[in-house]
Protein chains: 2
Amino acid sequence: MTKNSNPEWTGFEHLKEDKLFPADLKYSIKNYPKNNLILRQGDLCDALYILMSGSVKTEMITENGNLLGIEIINAPRPLAPAFLFSGNNRFPVDVTTLEDVEILKIPKKEVVRLMTTQPDFMQQFLTHNANRTQFLTNRLQLLSIKTIKGKIAHFLLEQTNEHGSTFTLNRNQTELADFFGVARPSLARSLSEMIQDGIIRIDKKEYTVLNKKKLRDFLV
Amino acid sequence: MTKNSNPEWTGFEHLKEDKLFPADLKYSIKNYPKNNLILRQGDLCDALYILMSGSVKTEMITENGNLLGIEIINAPRPLAPAFLFSGNNRFPVDVTTLEDVEILKIPKKEVVRLMTTQPDFMQQFLTHNANRTQFLTNRLQLLSIKTIKGKIAHFLLEQTNEHGSTFTLNRNQTELADFFGVARPSLARSLSEMIQDGIIRIDKKEYTVLNKKKLRDFLV
DNA sequence: TTGTGAGTGTAACAATTGTTACACTTTAAA
DNA sequence: TTTAAAGTGTAACAATTGTTACACTCACAA
């Protein structure tokens, strides 16, 4: 198994390492090749899926057929665990593999058992779901900003708050446009205007904020 | 206590009625008058707040200062319980009372204790949070539809799927516009065009879908 | 009854974004 | 190194939405 690198979800590994994992736990492991649509928006979600190795991307298809990119998930992490307990337990997104992946599948009943017998597991589950909710709330906030420059500003300020004023973006412009839910040329236009105005600088994938004050003005 | 009318959250009441509620549980009860901002977006969230009676509305203020109406909450229901366990545990929304309300506050530590000792409570907590996540996902989907008529179509189809082709809307046009995240006159324009085209009919607060097929065309 | 405010309909115009198209640059594979 | 594909910059124009303003209806309280 990949060494855990994601502080969000350490519970499962922890259980295994400490031999707290029940010997009679029912589960299955599946492998999928690269670039494969493995879970579809609307699919029944009656088991906990944990991405053990590799990476996937999730994307939501809006009813008008557009893509609204959501996020890239690296192992180890569970996939949409919250929906396991929702009323109509269906997947909210499409899940596509980015590399070869290994996925652990634990039936819902077994998850319930784990939850009640392993406090550590439960804590991790709760924290993870809480963070997911927060992620969605952030996403909601970003989408609710109506202007493209506003979205850019929000995004850049978020990225640079902790890492100084320069950071490396691991998305291309098309993906960023999808993330914002706008058209690619529109995003490019806004970006180049902001460069022209000396607010930001872009060198390949390296983004630099030159004027945080002006950036914040787009959020007024 | 108000008789439970919300199937989403019955756990707490259940505990009380069955005397499964620990006698030494630490909690406090607070009362607030009508039209009061009681929890602010960004406030620290270190306890579980349960709305015991009355109703509140939650709304998110985007960084550009616009309101993005979220929802109206009727007792009994917890307020943003997911955030209790999130990384930076802060409230994602403003909470304003719509009537006099009574709020039960249980410290996080006590919630953890309840969770591990009361399987019923835990199940309710999980299900509730799952449904919240689903709600947010729906909201995200609505916001990601770019055209106003698309949003209207999505909304109307959702409302009429279960209740026939007529339903009563308990929001005015301004609130609906906020819900969609668009300007009020723009919404009015789109609505009147759809009326003109014989797709819908509006009589005061009564909305009727006359042509579901044409409505679906807006989602292509 | 009358007046006041909330809610709605609508028009003219401004601003923003989307669409389409194409040239250019960079990347990575052959 | 060459070549194809992916990614980016940008322009003209179309389409949609926002802004502002004002008239009108309706409910309800004085």
# chains A, B, ... in the order shown; residues from 1 in each chain; ligands from 1

$ select_by_dssp --residues "region 29-180 of chain A" --states "helix (DSSP H, G or I)" --output "JSON, numbers by chain"
{"A": [81, 82, 83, 84, 85, 108, 109, 110, 111, 112, 113, 114, 115, 116, 117, 119, 120, 121, 122, 123, 124, 125, 126, 127, 128, 129, 130, 131, 132, 133, 134, 135, 136, 137, 138, 139, 140, 141, 142, 143, 144, 148, 149, 150, 151, 152, 153, 154, 155, 156, 157, 158, 159, 160, 161, 162, 163, 173, 174, 175, 176, 177, 178, 179, 180]}

$ interface_residues --of "chain B" --to "chain C" --cutoff "9 Å" --atoms "only C-alpha atoms (C1' of nucleotides)" --output "number ranges by chain"
B: 172-174, 185, 188-189, 192

$ interface_residues --of "chain B" --to "chain A" --cutoff "8 Å" --atoms "only C-alpha atoms" --output "ChimeraX atom specification"
/B:60,62-65,68,82-87,92,116,119,126-131,133-134,136-137,139-141,143-145,150,154,181,218-220

$ closest_atom_pairs --of "chain D" --to "chain A" --cutoff "8 Å" --atoms "only C-alpha atoms (C1' of nucleotides)" --output "tab-separated table"
residue	atom	partner	partner_atom	distance
D:DG7	C1'	A:Asn172	CA	7.6
D:DG9	C1'	A:Ala188	CA	7.6
D:DT10	C1'	A:Arg189	CA	7.9

$ select_by_dssp --residues "region 27-219 of chain B" --states "strand (DSSP E)" --output "ChimeraX atom specification"
/B:28-32,37-39,47-53,55-61,67-74,77-79,94-97,101-107,166-168,200-203,206-209

$ atom_distance --atom1 "CA of Pro33 (chain B)" --atom2 "CA of Thr97 (chain B)"
7.2 Å

$ residues_around --residues "Ile38 (chain A)" --least-positions-apart "5" --cutoff "9 Å" --atoms "only C-alpha atoms (C1' of nucleotides)" --output "VMD selection string"
chain A and resid 32 94 to 97

$ atom_distance --atom1 "CA of Arg113 (chain A)" --atom2 "CA of Val111 (chain B)"
19.8 Å
